[in-house]
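Undergrad: Below is the file upload-v4.cif, which contains mmCIF, C-alpha atoms.
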data_final
loop_
_atom_site.label_atom_id
_atom_site.label_comp_id
_atom_site.auth_asym_id
_atom_site.auth_seq_id
_atom_site.Cartn_x
_atom_site.Cartn_y
_atom_site.Cartn_z
CA MET A 1 -24.09 24.78 20.44
CA ILE A 2 -20.36 24.20 20.71
CA GLU A 3 -18.99 22.81 23.92
CA ILE A 4 -15.24 22.51 24.43
CA ASP A 5 -13.65 20.34 27.09
CA GLU A 6 -10.53 22.44 27.56
CA GLU A 7 -8.83 19.94 29.81
CA LEU A 8 -8.82 17.29 27.07
CA CYS A 9 -7.47 19.62 24.37
CA LYS A 10 -3.85 19.39 23.28
CA GLY A 11 -3.90 22.54 21.18
CA CYS A 12 -3.13 20.85 17.83
CA GLY A 13 -5.17 23.49 15.98
CA ILE A 14 -6.88 21.12 13.53
CA CYS A 15 -10.32 22.56 14.39
CA VAL A 16 -9.05 26.11 13.88
CA ASP A 17 -7.59 25.31 10.45
CA PHE A 18 -10.30 23.02 9.07
CA CYS A 19 -13.59 24.58 10.12
CA PRO A 20 -15.19 25.53 6.77
CA LEU A 21 -16.72 28.63 8.36
CA LYS A 22 -13.69 29.57 10.50
CA VAL A 23 -15.65 29.49 13.73
CA PHE A 24 -12.65 28.82 15.98
CA GLU A 25 -9.72 30.90 17.07
CA THR A 26 -6.86 29.84 19.31
CA SER A 27 -7.44 31.07 22.83
CA ASP A 28 -4.71 33.06 24.53
CA LYS A 29 -5.36 31.32 27.86
CA ILE A 30 -3.60 28.04 28.57
CA ASN A 31 -5.25 25.01 30.12
CA SER A 32 -3.84 23.17 33.12
CA ARG A 33 -1.44 21.15 30.94
CA GLY A 34 -0.07 24.16 29.10
CA TYR A 35 -1.91 23.94 25.79
CA TYR A 36 -3.90 26.66 24.03
CA PRO A 37 -7.46 25.36 23.49
CA PRO A 38 -9.70 26.75 20.71
CA LEU A 39 -12.32 29.39 21.33
CA PRO A 40 -15.58 29.37 19.29
CA VAL A 41 -15.58 33.11 18.55
CA LYS A 42 -18.13 32.96 15.71
CA GLU A 43 -20.41 30.40 17.31
CA LYS A 44 -23.52 31.81 15.62
CA ASP A 45 -22.02 31.00 12.19
CA CYS A 46 -21.83 27.29 13.05
CA VAL A 47 -24.13 25.13 10.93
CA GLY A 48 -23.42 21.92 12.86
CA CYS A 49 -21.55 19.96 10.17
CA ARG A 50 -19.60 18.12 12.91
CA LEU A 51 -16.33 18.12 10.97
CA CYS A 52 -14.46 19.56 13.97
CA GLU A 53 -16.00 16.97 16.28
CA LEU A 54 -14.81 14.19 13.98
CA LEU A 55 -11.39 15.62 13.23
CA CYS A 56 -10.63 16.36 16.89
CA PRO A 57 -8.19 13.64 17.99
CA GLU A 58 -8.98 14.21 21.66
CA PHE A 59 -12.81 14.18 21.79
CA SER A 60 -12.72 17.67 23.24
CA ILE A 61 -15.31 19.28 20.94
CA ILE A 62 -19.00 18.49 21.31
CA ILE A 63 -21.54 19.87 18.83
CA ILE A 64 -25.09 19.89 20.06
CA ASN A 65 -27.56 20.38 17.22
CA GLU A 66 -30.90 21.81 18.28
CA MET B 1 -6.87 19.23 35.65
CA PRO B 2 -8.41 21.87 37.93
CA GLU B 3 -7.16 21.95 41.52
CA GLY B 4 -8.94 19.90 44.13
CA LEU B 5 -10.77 17.65 41.67
CA ASP B 6 -10.40 13.92 41.67
CA ARG B 7 -9.47 12.28 38.33
CA LYS B 8 -12.51 10.01 38.51
CA GLU B 9 -14.84 12.89 39.32
CA VAL B 10 -13.65 14.81 36.25
CA ALA B 11 -14.09 11.70 34.09
CA GLU B 12 -17.68 11.30 35.28
CA LYS B 13 -18.51 14.86 34.23
CA ARG B 14 -17.41 14.40 30.60
CA ARG B 15 -20.34 14.17 28.26
CA HIS B 16 -19.31 13.46 24.66
CA ARG B 17 -21.96 11.16 23.18
CA LEU B 18 -19.38 8.52 22.31
CA PHE B 19 -17.86 8.42 25.77
CA LYS B 20 -19.89 5.31 26.54
CA TYR B 21 -17.49 3.53 24.16
CA LEU B 22 -14.36 4.89 25.77
CA ARG B 23 -12.48 4.33 29.00
CA LYS B 24 -13.03 7.87 30.22
CA GLU B 25 -10.69 7.62 33.17
CA VAL B 26 -7.62 7.22 30.91
CA LEU B 27 -8.43 10.34 28.86
CA PRO B 28 -6.78 12.55 27.66
CA THR B 29 -5.07 10.11 25.33
CA ALA B 30 -1.32 9.50 25.41
CA PHE B 31 -1.06 10.42 21.71
CA CYS B 32 1.04 13.41 20.67
CA PRO B 33 -0.80 16.66 19.79
CA GLY B 34 -2.22 16.37 16.26
CA CYS B 35 -1.79 12.59 16.01
CA GLY B 36 -4.05 10.73 13.60
CA CYS B 37 -4.71 7.85 16.01
CA GLY B 38 -7.28 9.94 17.90
CA ILE B 39 -9.13 10.65 14.65
CA VAL B 40 -9.19 6.93 13.83
CA LEU B 41 -10.53 6.16 17.31
CA ASN B 42 -13.21 8.82 16.80
CA CYS B 43 -14.14 7.43 13.36
CA TYR B 44 -14.21 3.85 14.65
CA ALA B 45 -16.57 4.68 17.52
CA HIS B 46 -19.19 6.09 15.11
CA PRO B 47 -20.00 2.95 13.05
CA VAL B 48 -20.01 0.85 16.23
CA ASP B 49 -22.57 3.29 17.62
CA GLU B 50 -24.60 3.39 14.41
CA LEU B 51 -24.68 -0.38 13.89
CA GLN B 52 -25.73 -0.85 17.54
CA LEU B 53 -23.28 -3.73 17.90
CA ASP B 54 -23.59 -5.56 21.19
CA PRO B 55 -20.62 -4.61 23.39
CA ASN B 56 -20.05 -8.26 24.20
CA ASP B 57 -19.83 -9.20 20.53
CA ILE B 58 -16.74 -7.20 19.63
CA VAL B 59 -13.23 -8.47 20.26
CA ALA B 60 -10.51 -5.99 19.36
CA VAL B 61 -7.06 -7.48 18.82
CA THR B 62 -4.00 -5.33 18.62
CA GLY B 63 -0.22 -5.49 18.63
CA ILE B 64 2.51 -3.09 19.64
CA GLY B 65 2.81 0.52 18.55
CA CYS B 66 1.10 3.89 18.90
CA SER B 67 -1.97 2.86 16.90
CA SER B 68 -2.35 -0.28 18.99
CA TRP B 69 -3.40 2.02 21.79
CA ILE B 70 -6.61 2.85 19.90
CA PRO B 71 -8.55 -0.25 21.04
CA SER B 72 -6.46 -0.90 24.13
CA PRO B 73 -6.86 0.92 26.48
CA TYR B 74 -9.12 3.64 25.00
CA PHE B 75 -11.93 1.62 23.43
CA LEU B 76 -14.15 0.08 26.11
CA ARG B 77 -14.55 -3.46 24.74
CA ASP B 78 -12.85 -6.82 25.10
CA THR B 79 -9.32 -6.36 23.88
CA LEU B 80 -6.36 -8.61 23.31
CA HIS B 81 -3.10 -6.65 23.36
CA THR B 82 -0.70 -9.13 21.81
CA THR B 83 2.98 -9.39 20.96
CA HIS B 84 4.63 -7.33 18.24
CA GLY B 85 3.36 -8.20 14.76
CA ARG B 86 1.05 -11.03 15.84
CA PRO B 87 -2.46 -9.57 16.13
CA ILE B 88 -3.66 -11.45 13.03
CA PRO B 89 -2.77 -14.97 14.25
CA PHE B 90 -4.42 -14.19 17.61
CA ALA B 91 -7.47 -12.77 15.82
CA THR B 92 -7.70 -15.85 13.60
CA GLY B 93 -7.68 -18.01 16.72
CA VAL B 94 -10.44 -15.93 18.33
CA LYS B 95 -12.53 -16.10 15.17
CA ILE B 96 -12.19 -19.88 14.84
CA MET B 97 -13.22 -20.56 18.43
CA GLN B 98 -15.85 -17.78 18.68
CA PRO B 99 -17.26 -17.41 15.15
CA GLU B 100 -20.22 -15.29 16.29
CA LYS B 101 -17.98 -12.46 17.50
CA THR B 102 -16.94 -9.50 15.39
CA VAL B 103 -13.15 -9.59 15.46
CA VAL B 104 -11.47 -6.28 14.75
CA VAL B 105 -7.73 -5.72 14.38
CA ILE B 106 -6.48 -2.13 14.68
CA ALA B 107 -2.72 -1.84 14.42
CA GLY B 108 0.01 0.12 12.74
CA ASP B 109 2.14 -0.38 9.66
CA GLY B 110 5.27 -1.44 11.54
CA ASP B 111 3.24 -4.06 13.35
CA LEU B 112 1.09 -5.50 10.56
CA ILE B 113 3.29 -4.98 7.49
CA GLY B 114 6.79 -4.90 8.98
CA ILE B 115 6.97 -7.57 11.67
CA GLY B 116 3.76 -9.43 10.83
CA GLY B 117 3.71 -9.00 7.07
CA ASN B 118 3.30 -12.65 6.20
CA HIS B 119 0.43 -13.13 8.66
CA LEU B 120 -1.45 -10.33 6.97
CA ILE B 121 -0.97 -11.67 3.44
CA HIS B 122 -1.94 -15.20 4.39
CA ALA B 123 -4.99 -14.14 6.38
CA ALA B 124 -6.14 -12.26 3.25
CA ARG B 125 -5.47 -15.35 1.13
CA ARG B 126 -7.48 -17.57 3.50
CA ASN B 127 -10.21 -14.93 3.69
CA VAL B 128 -10.59 -15.18 7.48
CA ASP B 129 -13.57 -13.16 8.70
CA ILE B 130 -11.64 -10.46 10.56
CA LYS B 131 -11.74 -6.70 10.06
CA VAL B 132 -8.33 -5.10 9.80
CA PHE B 133 -7.97 -1.34 10.16
CA LEU B 134 -4.36 -0.51 9.39
CA VAL B 135 -3.21 2.87 10.64
CA ASN B 136 -0.39 3.69 8.24
CA ASN B 137 1.81 6.58 9.37
CA LEU B 138 4.76 5.56 7.14
CA ILE B 139 7.23 5.19 10.03
CA TYR B 140 7.95 3.41 13.34
CA GLY B 141 6.62 6.29 15.41
CA MET B 142 6.65 4.96 18.97
CA THR B 143 10.31 3.93 18.97
CA GLY B 144 11.62 7.21 17.57
CA GLY B 145 11.20 7.27 13.80
CA GLN B 146 12.97 4.26 12.32
CA LEU B 147 12.57 3.16 8.71
CA ALA B 148 9.37 1.17 8.10
CA PRO B 149 8.53 -0.92 5.02
CA THR B 150 6.04 1.81 4.08
CA THR B 151 8.44 4.79 4.25
CA PRO B 152 8.58 6.50 0.85
CA LEU B 153 11.75 6.56 -1.22
CA GLY B 154 14.23 9.29 -0.29
CA ILE B 155 12.92 10.17 3.17
CA SER B 156 15.60 10.38 5.84
CA THR B 157 14.78 8.63 9.10
CA THR B 158 16.68 7.69 12.25
CA THR B 159 17.98 4.52 10.61
CA SER B 160 18.38 6.02 7.13
CA PRO B 161 19.99 9.40 7.83
CA HIS B 162 21.04 9.91 4.19
CA GLY B 163 17.69 9.04 2.70
CA ASN B 164 15.71 5.86 2.18
CA VAL B 165 16.88 3.75 -0.76
CA GLU B 166 14.05 1.18 -0.56
CA HIS B 167 10.71 1.22 -2.33
CA PRO B 168 7.67 1.18 -0.04
CA PHE B 169 4.86 -1.38 0.00
CA GLU B 170 1.61 -0.50 -1.78
CA ILE B 171 -0.17 -2.41 0.93
CA ALA B 172 -3.83 -1.98 -0.06
CA GLU B 173 -3.08 -3.19 -3.60
CA LEU B 174 -1.10 -6.13 -2.18
CA ILE B 175 -3.96 -7.23 0.08
CA ALA B 176 -6.45 -6.82 -2.77
CA ALA B 177 -4.28 -9.08 -4.92
CA ALA B 178 -3.91 -11.57 -2.05
CA GLY B 179 -7.67 -12.20 -2.15
CA ALA B 180 -9.38 -10.15 0.56
CA SER B 181 -13.16 -9.62 0.46
CA TYR B 182 -13.08 -5.87 0.92
CA VAL B 183 -10.16 -3.47 0.54
CA ALA B 184 -10.23 0.32 0.78
CA ARG B 185 -7.81 3.15 1.42
CA TRP B 186 -8.64 6.47 3.10
CA THR B 187 -6.80 9.14 4.99
CA THR B 188 -7.53 10.74 8.35
CA TYR B 189 -8.79 13.81 6.48
CA HIS B 190 -11.58 11.82 4.75
CA VAL B 191 -13.53 11.11 7.92
CA PHE B 192 -17.01 10.72 6.44
CA PRO B 193 -16.14 8.15 3.73
CA LEU B 194 -13.87 6.42 6.24
CA MET B 195 -16.76 5.93 8.65
CA GLU B 196 -18.94 4.63 5.83
CA SER B 197 -16.17 2.27 4.79
CA MET B 198 -15.70 1.01 8.36
CA GLN B 199 -19.43 0.37 8.59
CA MET B 200 -19.26 -1.60 5.35
CA ALA B 201 -16.30 -3.63 6.65
CA LEU B 202 -18.05 -4.39 9.94
CA THR B 203 -21.10 -5.77 8.13
CA GLN B 204 -19.41 -7.62 5.25
CA LYS B 205 -18.33 -11.23 5.70
CA GLY B 206 -14.74 -12.18 4.96
CA PHE B 207 -11.37 -10.48 5.30
CA CYS B 208 -11.94 -6.72 5.24
CA PHE B 209 -8.98 -4.40 5.10
CA ILE B 210 -8.91 -0.61 5.33
CA GLU B 211 -5.65 1.23 5.05
CA ILE B 212 -5.91 4.55 6.86
CA ARG B 213 -3.15 6.98 5.96
CA SER B 214 -2.51 8.79 9.22
CA GLN B 215 -0.22 11.60 10.24
CA CYS B 216 2.64 11.39 12.72
CA PRO B 217 3.66 15.00 13.32
CA ILE B 218 6.46 14.16 15.75
CA SER B 219 8.42 11.26 14.25
CA TYR B 220 7.54 11.54 10.56
CA GLY B 221 6.30 15.11 10.15
CA ARG B 222 9.54 16.72 11.25
CA ARG B 223 11.43 14.71 8.60
CA VAL B 224 9.27 16.05 5.79
CA GLY B 225 8.64 19.54 7.11
CA LYS B 226 5.08 18.95 8.30
CA ARG B 227 5.39 19.51 12.01
CA THR B 228 1.71 19.86 12.86
CA GLY B 229 -1.32 17.66 12.30
CA SER B 230 -2.99 20.44 10.32
CA GLU B 231 -0.20 20.60 7.73
CA ALA B 232 -0.36 16.85 7.20
CA LEU B 233 -4.15 16.90 6.86
CA GLN B 234 -3.85 19.75 4.38
CA GLU B 235 -1.47 17.61 2.33
CA TYR B 236 -3.93 14.69 2.41
CA LYS B 237 -6.66 17.03 1.25
CA GLU B 238 -4.60 18.28 -1.69
CA SER B 239 -2.79 15.14 -2.80
CA SER B 240 -5.61 12.58 -2.63
CA VAL B 241 -7.05 11.22 -5.84
CA ARG B 242 -10.24 9.16 -6.05
CA ILE B 243 -9.65 5.72 -7.51
CA GLU B 244 -12.21 6.42 -10.26
CA ASP B 245 -10.17 9.43 -11.41
CA ALA B 246 -6.82 7.68 -10.94
CA THR B 247 -7.56 5.11 -13.67
CA GLU B 248 -7.47 7.93 -16.24
CA MET B 249 -4.21 9.40 -14.99
CA SER B 250 -0.70 8.48 -16.15
CA PRO B 251 1.83 6.97 -13.69
CA GLU B 252 3.84 10.23 -13.83
CA GLU B 253 0.83 12.22 -12.71
CA LEU B 254 0.24 9.83 -9.82
CA VAL B 255 3.69 10.26 -8.26
CA GLY B 256 3.23 11.54 -4.70
CA LYS B 257 -0.54 11.14 -4.84
CA ILE B 258 -2.61 9.03 -2.46
CA ILE B 259 -5.20 6.94 -4.27
CA ILE B 260 -8.27 6.78 -2.05
CA GLY B 261 -11.46 4.80 -2.33
CA LYS B 262 -12.72 1.25 -2.45
CA LEU B 263 -10.27 -1.03 -4.27
CA VAL B 264 -12.05 -4.37 -4.08
CA LYS B 265 -15.35 -5.82 -2.91
CA ARG B 266 -16.01 -9.44 -3.71
CA GLU B 267 -17.98 -12.40 -2.42
CA LYS B 268 -15.76 -15.31 -1.46
CA GLU B 269 -15.97 -18.44 0.67
CA GLU B 270 -14.89 -17.75 4.21
CA PHE B 271 -12.17 -19.69 6.05
CA THR B 272 -13.81 -20.40 9.43
CA ASP B 273 -17.08 -21.45 7.72
CA ASN B 274 -15.22 -23.95 5.57
CA LEU B 275 -13.25 -25.19 8.57
CA ARG B 276 -16.43 -25.77 10.60
CA LYS B 277 -18.14 -27.50 7.69
CA LEU B 278 -15.22 -29.86 7.25
CA ASN B 279 -14.95 -30.48 10.99
CA LEU B 280 -18.67 -31.31 11.21
CA GLU B 281 -18.50 -33.62 8.23
CA LEU B 282 -15.50 -35.55 9.53
CA ARG B 283 -16.93 -35.89 13.04
CA THR B 284 -20.28 -37.08 11.69
CA ARG B 285 -18.49 -39.65 9.56
CA LYS B 286 -16.34 -40.85 12.46
CA ILE B 287 -19.06 -41.03 15.11
CA GLY B 288 -21.68 -42.25 12.65
CA ARG B 289 -24.45 -39.87 13.68
CA GLY B 290 -25.20 -36.17 13.30
CA PRO B 291 -24.27 -33.34 15.70
CA GLU B 292 -27.81 -33.16 17.14
CA GLU B 293 -27.19 -36.54 18.82
CA TRP B 294 -23.76 -35.71 20.23
CA SER B 295 -23.57 -35.38 23.96
CA LEU B 296 -20.52 -33.13 23.63
CA SER B 297 -20.40 -30.71 20.72
#
Can the structure in the file be given as structure tokens, please?
TA:
Amino acid sequence: MIEIDEELCKGCGICVDFCPLKVFETSDKINSRGYYPPLPVKEKDCVGCRLCELLCPEFSIIIINE
Amino acid sequence: MPEGLDRKEVAEKRRHRLFKYLRKEVLPTAFCPGCGCGIVLNCYAHPVDELQLDPNDIVAVTGIGCSSWIPSPYFLRDTLHTTHGRPIPFATGVKIMQPEKTVVVIAGDGDLIGIGGNHLIHAARRNVDIKVFLVNNLIYGMTGGQLAPTTPLGISTTTSPHGNVEHPFEIAELIAAAGASYVARWTTYHVFPLMESMQMALTQKGFCFIEIRSQCPISYGRRVGKRTGSEALQEYKESSVRIEDATEMSPEELVGKIIIGKLVKREKEEFTDNLRKLNLELRTRKIGRGPEEWSLS
């Protein structure tokens, strides 16, 4: 499961560009500080490699492996 | 932040599994979007979690600069935020007086190599048991992009508008030659080996040094046409060469490449151990009886 803390995100887009399975897309809604957070559009493709969680500089992505 | 919610209340609701190591109330970080410092903070929290280090046994020492914000204020441990360029002398002092603590220095290239260059070299020579994680973004980022001793040749900066005419430091090689116990170089793209390397450094005795090549999209990236964190990470991905492969490559092939991997791992006598041994010996000789009989130790 992918959980995104939108209020922590600064919209740098690293998760969007580096997910090996291209799970994320940039959302078209802005958060309260004016950044575009990612949206896990293909969440069912996620295999839980945690690369996005590690590469996120703001701790805003949480991967919960079942 | 959503309307009507208290900052503390929002902080309490956050549930990343590493948040127990962070000062949640100061999040989001003050780093620019796409900055590598957040990735280093993320990577540093993992080995601390995995090694189950006692919170009271870590002392993080740091200087001045963007990357000095990684342990102070974001990392929830004892921190010493010192003057510009002097984290290593402070850390040496902490280690001598409290040898059972794990002393970690996280600071930037301007701090450790520029202002405090000699401290770094001599701490490596003495082999003081401190762990140094150098966040190298090739520029003085916080003050607006001035020339650092690590800026590559030809790059224009605020203080070198027509291009840099100086050669940069190969800092990991320098520290390896100075006599450190463990030296490695990674980038913020190589998060998994970086975490492994940090774990190794935290468990090995002696001076451990990891150079982490990190991106600065705002002050450095705009000078080289890499304005986002993603572009810089992509460059790290493409231009990194493992040290095992680099030995077979010619110097011409290695121009513009980042050599990553473990440079040195050696067993060596440690400075604070030797100092304590000598101290004990001299005091025993002077007082005429062993430390077990001293009323004051």
Undergrad: Would you mind listing, as a list in words, all residues of chain B that have at least one atom within 6 Å of chain A, where all atoms listed in the file are what counts?
TA: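 On the chain B side, the interface is Met1, Pro28, Pro33, Gly34, Gly38, Ile39 and Ser230 of chain B.
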Undergrad: Go ahead and compute the interatomic distance for CA of Tyr44 (chain B) and CA of Met195 (chain B), in Å to one decimal.
TA: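 Computing the Euclidean distance for CA of Tyr44 (chain B) and CA of Met195 (chain B) yields 6.8 Å.
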Undergrad: Quote the spacing between CA of Lys226 (chain B) and CA of Ala184 (chain B) in Å to one decimal place.
TA: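 About the pair CA of Lys226 (chain B) and CA of Ala184 (chain B): they are 25.3 Å apart.
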Undergrad: Produce the centre coordinates and the three edge lengths, each in Å to one decimal, of the box along x, y and z that contains all listed atoms of region 97-109 of chain B with 3 Å added on each side, as lines of an AutoDock Vina configuration file.
TA:
center_x = -9.0
center_y = -10.2
center_z = 14.2
size_x = 28.4
size_y = 26.7
size_z = 15.0
Undergrad: Any chance you could work out the residue set of the PyMOL selection byres ((chain B and resi 213) around 12) here, as a PyMOL selection string?
TA: chain B and resi 35-37+39-40+67+108-109+133-139+150-151+170-172+184-191+194+210-212+214-216+232-233+235-237+239-240+257-261
Undergrad: Take the PyMOL selection byres ((chain B and resi 271) around 7), run it mentally on this structure, and tell me the resulting residues as a ChimeraX atom specification.
TA: /B:126-128,269-270,272-275
Undergrad: For the structure provided, state which residues fall under the PyMOL selection byres ((chain B and resi 60) around 9), and present them as JSON, numbers by chain.
TA: {"B": [58, 59, 61, 62, 71, 72, 75, 77, 78, 79, 80, 81, 91, 102, 103, 104, 105, 106]}
Undergrad: Using all atoms listed in the file, determine which residues lie at most 8 Å from Val23 (chain A), disregarding the query and same-chain residues fewer than 2 positions distant; provide the list as a ChimeraX atom specification.
TA: /A:16,19,21,25,40-43,45-46
Undergrad: Name the closest residue to Arg222 (chain B) among the candidates B:Gly154, B:Gly145, B:His167, B:Gly116; distances are taken between atoms, counting all atoms listed in the file.
TA: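 Of the candidates, the smallest distance to Arg222 (chain B) is held by B:Gly145.
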Undergrad: Tell me, in Å to one decimal, how far CA of His84 (chain B) is from CA of Ala107 (chain B).
TA: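 For CA of His84 (chain B) relative to CA of Ala107 (chain B), the distance reads 9.9 Å.
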Undergrad: Residues near region 47-52 of chain B, anyone? I mean within 8 Å using all atoms listed in the file, not counting same-chain ones fewer than 4 positions away, as a list in words.
TA: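 Final neighbour list, sorted by chain and number: Leu18, Cys43, Met195, Glu196, Met198 and Gln199 of chain B.
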Undergrad: Which of these, B:Thr29, B:Gln204, B:Thr92, B:Thr83, has the shortest distance to Trp69 (chain B) once you count all atoms listed in the file?
TA: B:Thr29
Undergrad: Provide region 245-259 of chain B rebuilt to N, CA, C and O atoms, formatted as a short mmCIF file (atom, residue, chain, number, x, y, z; two decimals), in the frame of the given file.
TA:
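The result, written out as selection.cif:
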data_model
loop_
_atom_site.label_atom_id
_atom_site.label_comp_id
_atom_site.auth_asym_id
_atom_site.auth_seq_id
_atom_site.Cartn_x
_atom_site.Cartn_y
_atom_site.Cartn_z
N ASP B 245 -10.91 8.46 -10.61
CA ASP B 245 -10.17 9.43 -11.41
C ASP B 245 -8.76 8.94 -11.71
O ASP B 245 -8.17 9.29 -12.73
N ALA B 246 -8.21 8.12 -10.80
CA ALA B 246 -6.82 7.68 -10.94
C ALA B 246 -6.64 6.76 -12.14
O ALA B 246 -5.56 6.71 -12.72
N THR B 247 -7.69 6.04 -12.53
CA THR B 247 -7.56 5.11 -13.67
C THR B 247 -7.29 5.87 -14.96
O THR B 247 -6.73 5.31 -15.90
N GLU B 248 -7.69 7.15 -15.02
CA GLU B 248 -7.47 7.93 -16.24
C GLU B 248 -6.17 8.73 -16.21
O GLU B 248 -5.86 9.44 -17.16
N MET B 249 -5.44 8.62 -15.11
CA MET B 249 -4.21 9.40 -14.99
C MET B 249 -2.99 8.55 -15.32
O MET B 249 -3.00 7.33 -15.12
N SER B 250 -1.93 9.20 -15.81
CA SER B 250 -0.70 8.48 -16.15
C SER B 250 0.11 8.23 -14.87
O SER B 250 -0.06 8.94 -13.88
N PRO B 251 1.02 7.24 -14.89
CA PRO B 251 1.83 6.97 -13.69
C PRO B 251 2.65 8.18 -13.25
O PRO B 251 2.89 8.36 -12.06
N GLU B 252 3.07 9.03 -14.20
CA GLU B 252 3.84 10.23 -13.83
C GLU B 252 2.99 11.19 -13.03
O GLU B 252 3.45 11.82 -12.09
N GLU B 253 1.73 11.31 -13.43
CA GLU B 253 0.83 12.22 -12.71
C GLU B 253 0.52 11.72 -11.30
O GLU B 253 0.22 12.51 -10.42
N LEU B 254 0.62 10.40 -11.11
CA LEU B 254 0.24 9.83 -9.82
C LEU B 254 1.39 9.78 -8.81
O LEU B 254 1.19 9.35 -7.69
N VAL B 255 2.56 10.26 -9.20
CA VAL B 255 3.69 10.26 -8.26
C VAL B 255 3.38 11.22 -7.10
O VAL B 255 3.01 12.37 -7.33
N GLY B 256 3.50 10.71 -5.88
CA GLY B 256 3.23 11.54 -4.70
C GLY B 256 1.76 11.69 -4.36
O GLY B 256 1.42 12.39 -3.41
N LYS B 257 0.89 11.06 -5.13
CA LYS B 257 -0.54 11.14 -4.84
C LYS B 257 -0.96 9.95 -3.98
O LYS B 257 -0.33 8.89 -4.02
N ILE B 258 -2.04 10.14 -3.23
CA ILE B 258 -2.61 9.03 -2.46
C ILE B 258 -3.91 8.64 -3.15
O ILE B 258 -4.81 9.46 -3.29
N ILE B 259 -3.97 7.39 -3.62
CA ILE B 259 -5.20 6.94 -4.27
C ILE B 259 -6.16 6.47 -3.19
O ILE B 259 -5.85 5.55 -2.43
#
